[in-house]
Every structure is written in structure tokens, then in C-alpha cells.
file target-v8.cif (mmCIF, C-alpha atoms)
data_final
#
loop_
_atom_site.label_atom_id
_atom_site.label_comp_id
_atom_site.auth_asym_id
_atom_site.auth_seq_id
_atom_site.Cartn_x
_atom_site.Cartn_y
_atom_site.Cartn_z
CA MET F 1 0.00 0.00 0.00
CA LYS F 2 1.05 3.62 -0.55
CA ILE F 3 0.55 6.13 2.24
CA LEU F 4 0.78 9.93 2.07
CA ALA F 5 1.53 11.35 5.53
CA ILE F 6 1.38 14.92 6.86
CA GLU F 7 3.09 16.10 10.07
CA THR F 8 2.60 19.60 11.52
CA SER F 9 2.56 19.05 15.29
CA CYS F 10 4.99 21.86 16.15
CA ASP F 11 7.40 23.85 13.97
CA GLU F 12 8.23 21.44 11.14
CA THR F 13 6.04 21.12 8.07
CA ALA F 14 6.61 17.61 6.76
CA ILE F 15 5.25 15.45 3.95
CA ALA F 16 6.17 11.82 3.21
CA LEU F 17 5.17 9.17 0.71
CA LEU F 18 5.72 5.58 1.82
CA GLU F 19 5.21 2.23 0.13
CA GLY F 20 4.81 -0.62 2.58
CA ARG F 21 4.59 -4.35 2.12
CA THR F 22 5.46 -7.40 4.21
CA GLY F 23 9.12 -7.20 5.19
CA LEU F 24 9.77 -3.99 3.23
CA LEU F 25 9.30 -0.25 3.71
CA LYS F 26 10.20 2.01 0.80
CA LEU F 27 10.32 5.74 1.48
CA GLU F 28 9.67 7.54 -1.80
CA GLN F 29 9.48 11.11 -0.46
CA ASN F 30 10.45 12.66 2.86
CA LEU F 31 10.25 16.45 2.78
CA ILE F 32 10.71 18.68 5.82
CA TYR F 33 10.54 22.45 6.13
CA SER F 34 12.15 23.48 9.42
CA GLN F 35 11.26 26.73 11.18
CA ILE F 36 14.22 26.78 13.57
CA ALA F 37 15.67 29.95 12.02
CA ILE F 38 12.34 31.73 12.51
CA HIS F 39 11.97 30.87 16.21
CA GLN F 40 15.62 31.15 17.27
CA LYS F 41 15.43 34.86 18.05
CA TYR F 42 12.53 34.20 20.43
CA GLY F 43 14.33 31.39 22.28
CA GLY F 44 11.51 28.94 21.57
CA VAL F 45 8.55 28.15 19.34
CA VAL F 46 5.94 30.90 18.92
CA PRO F 47 2.65 29.05 18.13
CA GLU F 48 1.11 31.82 16.01
CA LEU F 49 4.21 32.12 13.82
CA ALA F 50 4.47 28.34 13.49
CA ALA F 51 0.85 28.03 12.32
CA ARG F 52 1.28 30.85 9.80
CA LYS F 53 4.38 29.24 8.33
CA HIS F 54 2.64 25.87 8.06
CA ALA F 55 -0.10 27.54 6.01
CA GLU F 56 2.50 29.08 3.69
CA THR F 57 4.60 25.96 3.12
CA ILE F 58 2.27 22.95 3.18
CA VAL F 59 0.87 23.33 -0.37
CA PRO F 60 4.29 23.79 -2.07
CA LEU F 61 5.61 20.75 -0.16
CA LEU F 62 2.64 18.66 -1.21
CA SER F 63 3.11 19.68 -4.82
CA GLU F 64 6.78 18.72 -4.66
CA ALA F 65 6.05 15.38 -2.99
CA LEU F 66 3.20 14.30 -5.24
CA GLY F 67 4.05 15.78 -8.61
CA LYS F 68 1.47 15.44 -11.37
CA ASP F 69 -1.44 13.11 -10.60
CA ARG F 70 0.55 11.09 -8.05
CA LEU F 71 -2.26 11.30 -5.51
CA LYS F 72 -4.15 8.81 -7.70
CA LYS F 73 -1.61 6.16 -6.70
CA VAL F 74 -2.02 6.86 -2.97
CA ASP F 75 -4.09 4.27 -1.08
CA TYR F 76 -4.30 5.98 2.33
CA LEU F 77 -3.71 9.39 3.89
CA ALA F 78 -2.33 9.79 7.42
CA VAL F 79 -1.96 12.90 9.55
CA THR F 80 -0.64 13.74 12.99
CA ALA F 81 -3.70 14.47 15.14
CA GLY F 82 -1.87 14.99 18.46
CA PRO F 83 -0.21 15.65 20.75
CA GLY F 84 1.23 19.03 19.78
CA LEU F 85 0.39 22.71 19.38
CA ILE F 86 -3.29 22.94 18.48
CA THR F 87 -2.76 25.73 15.93
CA SER F 88 -0.04 23.70 14.20
CA LEU F 89 -2.04 20.46 14.30
CA LEU F 90 -4.99 22.22 12.67
CA SER F 91 -2.89 23.12 9.62
CA GLY F 92 -2.03 19.52 8.81
CA ILE F 93 -5.42 18.09 9.75
CA THR F 94 -7.32 20.62 7.64
CA MET F 95 -5.17 19.83 4.60
CA ALA F 96 -5.45 16.07 5.14
CA LYS F 97 -9.23 16.16 5.53
CA THR F 98 -9.57 18.28 2.40
CA LEU F 99 -7.41 15.95 0.31
CA ALA F 100 -9.15 12.86 1.64
CA TYR F 101 -12.67 14.15 1.06
CA VAL F 102 -12.10 15.67 -2.39
CA ASN F 103 -10.24 12.58 -3.65
CA ASN F 104 -12.37 10.02 -1.77
CA LYS F 105 -9.33 8.56 0.03
CA PRO F 106 -9.36 6.89 3.47
CA LEU F 107 -7.71 8.87 6.28
CA CYS F 108 -6.09 7.88 9.60
CA GLY F 109 -5.31 10.17 12.53
CA ILE F 110 -1.93 9.18 14.00
CA ASN F 111 -0.43 9.84 17.43
CA HIS F 112 2.81 11.83 17.23
CA ILE F 113 4.48 9.76 19.96
CA GLU F 114 3.60 6.58 18.11
CA GLY F 115 5.37 8.12 15.12
CA HIS F 116 8.55 8.57 17.16
CA ILE F 117 8.37 4.92 18.16
CA TYR F 118 8.10 3.82 14.53
CA SER F 119 11.03 6.01 13.47
CA ASN F 120 13.02 2.96 14.56
CA TRP F 121 11.42 0.88 11.80
CA LEU F 122 12.72 3.41 9.25
CA SER F 123 16.32 2.86 10.37
CA ASN F 124 16.48 -0.80 11.40
CA LYS F 125 15.66 -3.48 8.81
CA GLU F 126 15.64 -6.18 11.48
CA LEU F 127 12.50 -4.68 13.00
CA VAL F 128 10.78 -4.64 9.60
CA ARG F 129 11.74 -8.20 8.68
CA ALA F 130 11.13 -9.91 12.02
CA PRO F 131 9.21 -7.61 14.40
CA LYS F 132 7.77 -10.41 16.56
CA LYS F 133 11.31 -11.40 17.48
CA TYR F 134 11.67 -8.13 19.44
CA PHE F 135 8.26 -7.96 21.14
CA PRO F 136 7.57 -7.13 23.86
CA ALA F 137 9.81 -4.07 23.69
CA LEU F 138 10.53 -1.08 25.90
CA ILE F 139 10.52 2.38 24.32
CA LEU F 140 12.18 5.47 25.79
CA ILE F 141 10.67 8.62 24.25
CA VAL F 142 12.83 11.71 24.82
CA SER F 143 12.00 15.00 23.14
CA GLY F 144 11.39 18.66 23.85
CA GLY F 145 7.86 18.01 25.04
CA HIS F 146 7.90 14.39 26.20
CA THR F 147 9.87 11.98 28.35
CA GLU F 148 8.09 8.64 28.61
CA LEU F 149 8.73 4.95 29.08
CA VAL F 150 6.34 2.82 27.03
CA PHE F 151 5.90 -0.95 27.17
CA MET F 152 5.05 -2.19 23.65
CA ARG F 153 3.47 -5.64 23.49
CA GLY F 154 3.04 -5.54 19.72
CA HIS F 155 1.92 -3.24 16.92
CA GLY F 156 -0.51 -0.70 18.37
CA ARG F 157 -0.43 -2.27 21.85
CA TYR F 158 1.06 0.10 24.41
CA GLN F 159 1.24 0.60 28.14
CA LEU F 160 2.56 3.83 29.61
CA LEU F 161 4.95 2.95 32.45
CA GLY F 162 6.12 6.41 33.40
CA GLN F 163 6.46 10.00 32.24
CA THR F 164 7.87 13.33 33.31
CA LEU F 165 6.12 15.07 36.19
CA ASP F 166 7.35 18.50 35.07
CA ASP F 167 9.96 19.43 32.45
CA ALA F 168 10.73 16.97 29.67
CA ALA F 169 14.39 16.10 29.09
CA GLY F 170 14.63 18.11 25.87
CA GLU F 171 12.84 21.04 27.50
CA CYS F 172 15.36 20.96 30.34
CA PHE F 173 18.23 21.06 27.81
CA ASP F 174 16.67 24.12 26.17
CA LYS F 175 16.12 25.91 29.50
CA VAL F 176 19.67 25.25 30.71
CA ALA F 177 21.00 26.46 27.35
CA LYS F 178 19.00 29.65 27.87
CA LEU F 179 20.50 30.09 31.36
CA LEU F 180 23.95 29.77 29.75
CA SER F 181 23.00 32.12 26.86
CA LEU F 182 23.83 29.42 24.32
CA GLY F 183 20.89 29.87 21.94
CA TYR F 184 18.02 27.72 20.69
CA PRO F 185 17.55 24.79 20.29
CA GLY F 186 19.74 24.05 23.28
CA GLY F 187 20.16 20.28 23.05
CA PRO F 188 22.65 20.13 20.14
CA ILE F 189 24.66 23.08 21.51
CA ILE F 190 24.98 21.59 24.99
CA SER F 191 25.91 18.22 23.51
CA GLN F 192 28.71 19.76 21.43
CA LEU F 193 30.15 21.65 24.40
CA ALA F 194 29.77 18.64 26.71
CA ALA F 195 32.03 16.61 24.42
CA LYS F 196 34.88 18.94 25.41
CA GLY F 197 34.11 19.09 29.11
CA ASN F 198 34.61 17.09 32.31
CA SER F 199 31.35 15.47 33.41
CA ARG F 200 32.66 15.18 36.97
CA ALA F 201 33.61 18.83 37.36
CA TYR F 202 30.24 19.66 38.94
CA TYR F 203 27.83 17.43 40.79
CA PHE F 204 24.19 17.91 39.95
CA PRO F 205 21.30 15.91 41.45
CA ARG F 206 19.90 12.85 39.67
CA PRO F 207 16.17 13.48 40.29
CA MET F 208 14.06 10.39 41.07
CA ILE F 209 16.82 8.01 39.96
CA SER F 210 16.11 5.73 42.92
CA SER F 211 12.32 6.07 43.01
CA ARG F 212 10.31 2.88 42.75
CA ASP F 213 8.29 4.10 39.78
CA TYR F 214 9.28 4.97 36.21
CA ASN F 215 8.47 8.67 36.30
CA PHE F 216 10.92 11.49 35.65
CA SER F 217 11.46 15.01 36.97
CA PHE F 218 14.00 17.47 35.59
CA ALA F 219 12.81 20.86 36.91
CA GLY F 220 14.97 20.53 40.05
CA LEU F 221 18.03 19.75 37.95
CA LYS F 222 17.52 22.95 35.96
CA THR F 223 17.24 24.88 39.25
CA ALA F 224 20.47 23.29 40.51
CA VAL F 225 22.27 24.58 37.41
CA LEU F 226 20.83 28.06 38.08
CA TYR F 227 22.08 28.05 41.69
CA THR F 228 25.54 26.95 40.50
CA LEU F 229 25.66 29.84 38.04
CA GLU F 230 24.58 32.32 40.72
CA LYS F 231 27.50 31.24 42.93
CA LYS F 232 30.05 31.79 40.16
CA ARG F 233 31.10 35.36 39.45
CA LYS F 234 32.44 34.62 35.98
CA ILE F 235 32.00 31.79 33.50
CA TYR F 236 35.03 30.85 31.43
CA ARG F 237 34.94 28.73 28.28
CA LYS F 238 36.27 25.69 30.17
CA ASP F 239 33.64 26.22 32.88
CA LEU F 240 30.96 26.27 30.21
CA ALA F 241 32.07 22.94 28.75
CA ASP F 242 32.32 21.36 32.21
CA LEU F 243 28.89 22.67 33.21
CA CYS F 244 27.33 21.26 30.05
CA ALA F 245 29.07 17.89 30.48
CA SER F 246 28.06 17.61 34.13
CA PHE F 247 24.46 18.60 33.45
CA GLN F 248 24.17 16.24 30.48
CA GLN F 249 25.63 13.37 32.51
CA ALA F 250 23.02 13.87 35.23
CA VAL F 251 20.15 13.72 32.71
CA ILE F 252 21.54 10.67 30.93
CA GLU F 253 22.19 8.70 34.12
CA VAL F 254 18.54 9.12 35.12
CA LEU F 255 17.23 8.16 31.67
CA VAL F 256 19.44 5.07 31.46
CA ALA F 257 18.79 3.90 35.02
CA LYS F 258 15.00 4.08 34.64
CA THR F 259 15.08 2.44 31.21
CA ILE F 260 17.21 -0.51 32.31
CA LYS F 261 15.19 -1.00 35.47
CA ALA F 262 11.94 -1.18 33.45
CA SER F 263 13.52 -3.53 30.89
CA GLN F 264 14.44 -5.93 33.69
CA VAL F 265 11.10 -5.84 35.48
CA TYR F 266 9.03 -6.24 32.30
CA LYS F 267 11.41 -8.80 30.77
CA VAL F 268 11.45 -7.14 27.36
CA LYS F 269 13.24 -8.57 24.35
CA ALA F 270 14.53 -5.22 23.04
CA VAL F 271 14.99 -1.59 24.01
CA LEU F 272 14.22 1.27 21.61
CA VAL F 273 14.60 5.04 21.84
CA GLY F 274 12.85 7.80 19.91
CA GLY F 275 12.39 11.57 19.88
CA GLY F 276 14.63 14.57 19.26
CA VAL F 277 16.96 13.87 22.19
CA ALA F 278 17.68 10.46 20.63
CA ALA F 279 20.15 12.39 18.46
CA ASN F 280 22.37 12.85 21.54
CA LYS F 281 25.41 10.62 20.91
CA HIS F 282 26.33 10.31 24.58
CA LEU F 283 22.81 9.12 25.44
CA LEU F 284 22.92 6.53 22.66
CA ALA F 285 26.36 5.28 23.72
CA SER F 286 25.26 5.00 27.36
CA LEU F 287 22.07 3.11 26.46
CA GLN F 288 23.99 0.86 24.08
CA GLN F 289 26.51 -0.03 26.77
CA ALA F 290 23.83 -0.66 29.39
CA CYS F 291 21.80 -2.87 27.02
CA GLN F 292 24.88 -4.88 26.09
CA LYS F 293 25.37 -5.70 29.77
CA GLU F 294 21.76 -6.85 29.90
CA LYS F 295 22.24 -8.78 26.62
CA LYS F 296 19.27 -7.01 25.06
CA PRO F 297 19.14 -5.65 21.49
CA PHE F 298 19.11 -1.85 21.35
CA PHE F 299 17.61 0.09 18.45
CA TYR F 300 17.66 3.79 17.66
CA PRO F 301 16.68 5.90 14.64
CA GLN F 302 19.14 7.62 12.34
CA ILE F 303 19.71 11.26 13.24
CA ARG F 304 17.59 12.53 10.34
CA SER F 305 14.64 10.54 11.74
CA THR F 306 14.90 11.68 15.37
CA GLY F 307 13.23 15.05 14.83
CA ASP F 308 9.64 15.58 13.74
CA ASN F 309 9.02 14.14 10.28
CA ALA F 310 6.16 12.69 8.25
CA ALA F 311 7.98 9.45 7.36
CA MET F 312 7.55 8.16 10.91
CA ILE F 313 3.84 9.05 10.76
CA ALA F 314 3.51 7.05 7.52
CA VAL F 315 5.20 4.01 9.09
CA ALA F 316 2.97 4.22 12.17
CA ALA F 317 -0.05 4.38 9.86
CA TYR F 318 1.18 1.39 7.85
CA TYR F 319 1.53 -0.86 10.90
CA GLY F 320 -1.75 0.46 12.29
CA LEU F 321 -3.47 -0.57 9.07
CA VAL F 322 -1.73 -3.95 8.86
CA SER F 323 -2.60 -4.80 12.46
CA LYS F 324 -6.12 -3.40 11.92
CA ARG F 325 -5.71 -1.13 14.94
CA ALA F 326 -5.84 2.14 13.02
CA ARG F 327 -9.19 3.91 12.82
CA VAL F 328 -9.85 4.50 9.13
CA LEU F 329 -12.34 7.16 8.04
CA LYS F 330 -13.66 7.93 4.57
CA GLY F 331 -16.09 10.35 2.92
CA ARG F 332 -17.74 12.81 5.31
CA GLU F 333 -16.45 10.75 8.24
CA VAL F 334 -13.01 12.35 7.82
CA PHE F 335 -14.37 15.62 9.23
CA GLY F 336 -14.71 13.82 12.55
CA ILE F 337 -10.94 13.96 13.09
CA LYS F 338 -10.16 16.74 15.55
CA PRO F 339 -6.79 17.95 16.89
CA ASN F 340 -5.98 16.59 20.33
CA PRO F 341 -3.01 18.54 21.77
CA ASN F 342 -2.88 16.27 24.85
CA TRP F 343 -3.53 12.91 23.16
CA GLN F 344 -1.88 10.18 25.22
CA LEU F 345 -0.57 7.19 23.32
CA THR F 346 -2.27 4.67 25.57
CA LYS F 347 -5.70 6.28 25.19
CA ASN F 348 -8.19 5.23 22.52
CA LYS F 349 -7.39 6.34 19.01
CA LEU F 350 -9.24 9.33 17.51
#
call {"tool": "encode", "arguments": {"input": "target-v8.cif", "output": "C-alpha cells"}}
result
Amino acid sequence: MKILAIETSCDETAIALLEGRTGLLKLEQNLIYSQIAIHQKYGGVVPELAARKHAETIVPLLSEALGKDRLKKVDYLAVTAGPGLITSLLSGITMAKTLAYVNNKPLCGINHIEGHIYSNWLSNKELVRAPKKYFPALILIVSGGHTELVFMRGHGRYQLLGQTLDDAAGECFDKVAKLLSLGYPGGPIISQLAAKGNSRAYYFPRPMISSRDYNFSFAGLKTAVLYTLEKKRKIYRKDLADLCASFQQAVIEVLVAKTIKASQVYKVKAVLVGGGVAANKHLLASLQQACQKEKKPFFYPQIRSTGDNAAMIAVAAYYGLVSKRARVLKGREVFGIKPNPNWQLTKNKL
């Protein structure tokens, strides 16, 4: 089957065209328009600006992805319906519903977090060829808006084990970068500086690392960095690298400890990671090492698939359709899809 997917949950306008069949996923188009340059001067995403840019870029991207009459060859449409910024979600959903209704194509609303999970299927052929071999699996989702541990029994079968109680990991990276006047987005900048620093130069707390549950909390860690900065009269370049390395180490130790603990308790066959923070090389290396000790396969997406993209939405739709867990709407039914900015993965599909 061929699936056209649209992703506009935050500040990336993305279109993808995927052909899926048993044991094979073929990505024909994967277009992304990033708004990072627009939002950098504000130190974060401005919802009104993001929505306006989606409206300006989505039609040109669709034209580039589909070309002349290529929509005729599309079997299904898929669109991110949540979670995300409601004004951004509306842009993609409105376009998807219009295309589906006018062309009489079936449409699926896809969960953005589920997309991040399936970004692993884009990068790891083993998962595509023999998925049952790695179920049940444990998924660590780490992004600017989410930090979650998800137990995945099979395609479309999820159980939320834990999530952040305040700041997400990626959000904490951005806030600490702002404290250090490093710019936005903060994650890649901190990671680059941390590679040159001493992770033991400063000791920062590891929030909830020993708690009996699988929840996370990073707000206190951000505050600890603030207090450290207030005590120092001047920050030198070496101090900056050491601060970044020490902060990053604290975040990663918590993420790894919780992930490994859950993998042991739930006796999973594989560990996967997804989301924007999955681009952090130190996090990947730490998870890889910990999983090797546990003798569990570890999968992660390629860097280009860690951020928001429509390819992962197309893959999630494909496996939702194959497993018959996706809710498929057609005709006037497509207008029933509404944006859900707080849509939890383990809740019923839209």
C-alpha cells in the first residue's frame, strides 16, 4: 500500500510518501521544512508564527512530494492528530481532511508519539523483517515536550509505564541552554560543548533516579544549574564545557537507570529510543553499553529521523493498518478527526 503522511505538530512542516509491504518499507518522499531559524530569536517556538508558516509551506511541499497526478496512486492518507500545538495540528489536519474528502481517500489520525516509536522501523531493517522477534519491547521517548517509558506488546499495543512530572528532558536542555546564553535549540549546543568538558567537574542531582516508579522530573536539575551559576562570578569557556558535560551526565544517568530497570522488570526482548533527544550521541552510547550488559538488542533511529518528520507518521499508519488497529475514516467521516493537543498514546485512538 502507498501512504501519504502529513506532520505539523509543532514547527516542522513535513510530507512523506511511503510504500509498505510485508518485510519492506520504501520511502519515496520525505520532505521537511524546518522553522528553527524563525523561532531562534525568540528562544523557543511561537505558536502563532508556526501556524502561519505551516499555512505558507504545506501546499508547495505537497506539490513537490506528489508531482502530477501522483495522488491517484495513494491508497491511504495519514496525519498527525496529536499531541502538539493545536494551531499547528490544525494546519495539517485541515489539509489532510480536504485531500481525503475531495479525492475520496481513506484517512487515519496518527499519534505523534507513536510516530517517534516507529522512526526505529525506518532505520532498522531487522524490526521490519522480524518484528515479533523483538516484542515485547521497551521504548524510551525523549524529546522537547515528552519523556516517557512505554511498554510495547506488539503493533498498536502500548502501556505507559512512566512519564515526566514537570519538564521533559529536551525542554530541560533548552532551558539550561537559555541560562547559559547558548541559543536555541539548546540540546545540540549543549551536547557539542559537553564533548569537550569534564562530566565530573560539577555534581548535579539525579532526580528520582532511585524512586520505585518509572516517572521522571527534571525541573529541580535545571534549578540546581541556576544556583551553581549564581554562585560563580564569571563563567570561562572551560567552565561552560564542564557545566554542560556535568548537566548532560546527570540527565543521561537518570534516563538510562529508569530504562534498564523497566527492561528488567518487564522482561522485554529489546529496548528502543525515539524523539529529538535520541540524536544525543552520549545518550545513545550510554544506552547501548547498558543494554549490552543486559544482553538485550538496542535500536535507535538515524539522526535525520529523530526530529519531527512525516515518514515516521507514515510508518505508524502502515503498521496500524496492517494490524487493523488504526481507525480508518472515509467520505464525510473524515471531518470527525479533531486535533488533540494532549492525546496520550495509551488512550483510545481518535
call {"tool": "resolve_selection", "arguments": {"input": "target-v8.cif", "expression": "the PyMOL selection byres ((chain F and resi 312-314) around 6)", "output": "number ranges by chain"}}
result
F: 5, 115, 118-119, 310-311, 315-317
call {"tool": "residues_around", "arguments": {"input": "target-v8.cif", "residues": "stretch 260-266 of chain F", "least_positions_apart": "6", "cutoff": "12 Å", "atoms": "all atoms listed in the file", "output": "PyMOL selection string"}}
result
chain F and resi 135-140+148-153+159-162+209-215+253-254+272+286-298
call {"tool": "residues_around", "arguments": {"input": "target-v8.cif", "residues": "F:Gly275", "least_positions_apart": "6", "cutoff": "6 Å", "atoms": "all atoms listed in the file", "output": "list in words"}}
result
His116, Ile141, Val142, Ser143 and Thr306 of chain F
call {"tool": "closest_residue", "arguments": {"input": "target-v8.cif", "among": "F:Trp121, F:Cys244, F:Val45, F:Phe204", "to": "F:Phe173", "atoms": "only C-alpha atoms"}}
result
F:Cys244
call {"tool": "residues_around", "arguments": {"input": "target-v8.cif", "residues": "F:Gly170", "least_positions_apart": "4", "cutoff": "7 Å", "atoms": "all atoms listed in the file", "output": "list in words"}}
result
Val142, Ser143, Gly144, Gly145, Asp174, Gly187 and Val277 of chain F
call {"tool": "resolve_selection", "arguments": {"input": "target-v8.cif", "expression": "the PyMOL selection byres ((chain F and resi 93) around 10)", "output": "number ranges by chain"}}
result
F: 6-9, 78-82, 88-92, 94-99, 109, 334-335, 337-339
call {"tool": "atom_distance", "arguments": {"input": "target-v8.cif", "atom1": "atom CA of F:Ile189", "atom2": "atom CA of F:Asn280"}}
result
10.5 Å
call {"tool": "atom_distance", "arguments": {"input": "target-v8.cif", "atom1": "atom CA of F:Leu240", "atom2": "atom CA of F:Gly220"}}
result
19.6 Å
call {"tool": "atom_distance", "arguments": {"input": "target-v8.cif", "atom1": "atom CA of F:Leu221", "atom2": "atom CA of F:Ala245"}}
result
13.5 Å
call {"tool": "closest_residue", "arguments": {"input": "target-v8.cif", "among": "F:Leu4, F:Tyr158, F:Ser123, F:Pro207", "to": "F:Leu66", "atoms": "only C-alpha atoms"}}
result
F:Leu4
call {"tool": "closest_residue", "arguments": {"input": "target-v8.cif", "among": "F:Pro131, F:Pro301, F:Gly67, F:Gly43", "to": "F:Lys175", "atoms": "all atoms listed in the file"}}
result
F:Gly43
call {"tool": "closest_residue", "arguments": {"input": "target-v8.cif", "among": "F:Lys281, F:Lys267, F:Lys222, F:Lys53", "to": "F:Ile36", "atoms": "all atoms listed in the file"}}
result
F:Lys53
call {"tool": "closest_residue", "arguments": {"input": "target-v8.cif", "among": "F:Ile303, F:Ala130, F:Ile252, F:Ala270", "to": "F:Ala285", "atoms": "only C-alpha atoms"}}
result
F:Ile252
call {"tool": "resolve_selection", "arguments": {"input": "target-v8.cif", "expression": "the PyMOL selection byres ((chain F and resi 1) around 7)", "output": "ChimeraX atom specification"}}
result
/F:2-3,19-21,75
call {"tool": "residues_around", "arguments": {"input": "target-v8.cif", "residues": "F:Leu61", "least_positions_apart": "5", "cutoff": "10 Å", "atoms": "only C-alpha atoms", "output": "number ranges by chain"}}
result
F: 13-16, 30-33, 56, 66-67
call {"tool": "axis_aligned_box", "arguments": {"input": "target-v8.cif", "around": "stretch 251-261 of chain F", "padding_each_side": "5 Å", "output": "AutoDock Vina command-line options"}}
result
--center_x 18.6 --center_y 6.4 --center_z 33.2 --size_x 17.2 --size_y 24.7 --size_z 14.5
call {"tool": "decode", "arguments": {"input": "target-v8.cif", "residues": "stretch 163-182 of chain F", "atoms": "N, CA and C atoms", "output": "mmCIF file, in the first residue's frame"}}
result
data_model
loop_
_atom_site.group_PDB
_atom_site.id
_atom_site.type_symbol
_atom_site.label_atom_id
_atom_site.label_comp_id
_atom_site.auth_asym_id
_atom_site.auth_seq_id
_atom_site.Cartn_x
_atom_site.Cartn_y
_atom_site.Cartn_z
ATOM 1 N N GLN F 163 6.275 8.793 33.033
ATOM 2 C CA GLN F 163 6.456 9.999 32.240
ATOM 3 C C GLN F 163 6.990 11.113 33.129
ATOM 4 N N THR F 164 7.341 12.230 32.520
ATOM 5 C CA THR F 164 7.868 13.331 33.308
ATOM 6 C C THR F 164 6.757 13.998 34.108
ATOM 7 N N LEU F 165 7.083 14.399 35.314
ATOM 8 C CA LEU F 165 6.122 15.069 36.185
ATOM 9 C C LEU F 165 6.181 16.584 36.016
ATOM 10 N N ASP F 166 7.214 17.062 35.312
ATOM 11 C CA ASP F 166 7.346 18.504 35.071
ATOM 12 C C ASP F 166 8.012 18.727 33.719
ATOM 13 N N ASP F 167 9.266 19.180 33.709
ATOM 14 C CA ASP F 167 9.965 19.433 32.447
ATOM 15 C C ASP F 167 10.359 18.125 31.762
ATOM 16 N N ALA F 168 10.207 18.083 30.440
ATOM 17 C CA ALA F 168 10.730 16.966 29.670
ATOM 18 C C ALA F 168 12.241 17.123 29.550
ATOM 19 N N ALA F 169 12.928 16.055 29.183
ATOM 20 C CA ALA F 169 14.392 16.097 29.087
ATOM 21 C C ALA F 169 14.849 17.147 28.078
ATOM 22 N N GLY F 170 14.247 17.140 26.892
ATOM 23 C CA GLY F 170 14.631 18.114 25.872
ATOM 24 C C GLY F 170 14.326 19.535 26.290
ATOM 25 N N GLU F 171 13.205 19.719 26.982
ATOM 26 C CA GLU F 171 12.837 21.037 27.495
ATOM 27 C C GLU F 171 13.864 21.530 28.505
ATOM 28 N N CYS F 172 14.344 20.615 29.342
ATOM 29 C CA CYS F 172 15.364 20.960 30.336
ATOM 30 C C CYS F 172 16.666 21.381 29.653
ATOM 31 N N PHE F 173 17.046 20.672 28.586
ATOM 32 C CA PHE F 173 18.231 21.058 27.813
ATOM 33 C C PHE F 173 18.076 22.479 27.278
ATOM 34 N N ASP F 174 16.904 22.792 26.735
ATOM 35 C CA ASP F 174 16.669 24.122 26.171
ATOM 36 C C ASP F 174 16.717 25.212 27.250
ATOM 37 N N LYS F 175 16.153 24.910 28.418
ATOM 38 C CA LYS F 175 16.124 25.907 29.497
ATOM 39 C C LYS F 175 17.510 26.155 30.080
ATOM 40 N N VAL F 176 18.294 25.092 30.217
ATOM 41 C CA VAL F 176 19.666 25.255 30.711
ATOM 42 C C VAL F 176 20.499 26.016 29.681
ATOM 43 N N ALA F 177 20.294 25.732 28.403
ATOM 44 C CA ALA F 177 20.999 26.463 27.350
ATOM 45 C C ALA F 177 20.661 27.948 27.413
ATOM 46 N N LYS F 178 19.406 28.252 27.748
ATOM 47 C CA LYS F 178 18.998 29.654 27.874
ATOM 48 C C LYS F 178 19.676 30.312 29.068
ATOM 49 N N LEU F 179 19.795 29.568 30.177
ATOM 50 C CA LEU F 179 20.503 30.086 31.356
ATOM 51 C C LEU F 179 21.957 30.407 31.026
ATOM 52 N N LEU F 180 22.545 29.604 30.126
ATOM 53 C CA LEU F 180 23.947 29.767 29.749
ATOM 54 C C LEU F 180 24.116 30.669 28.521
ATOM 55 N N SER F 181 22.993 31.225 28.035
ATOM 56 C CA SER F 181 23.002 32.125 26.860
ATOM 57 C C SER F 181 23.629 31.446 25.638
ATOM 58 N N LEU F 182 23.240 30.198 25.407
ATOM 59 C CA LEU F 182 23.830 29.422 24.317
ATOM 60 C C LEU F 182 23.002 29.452 23.035
#
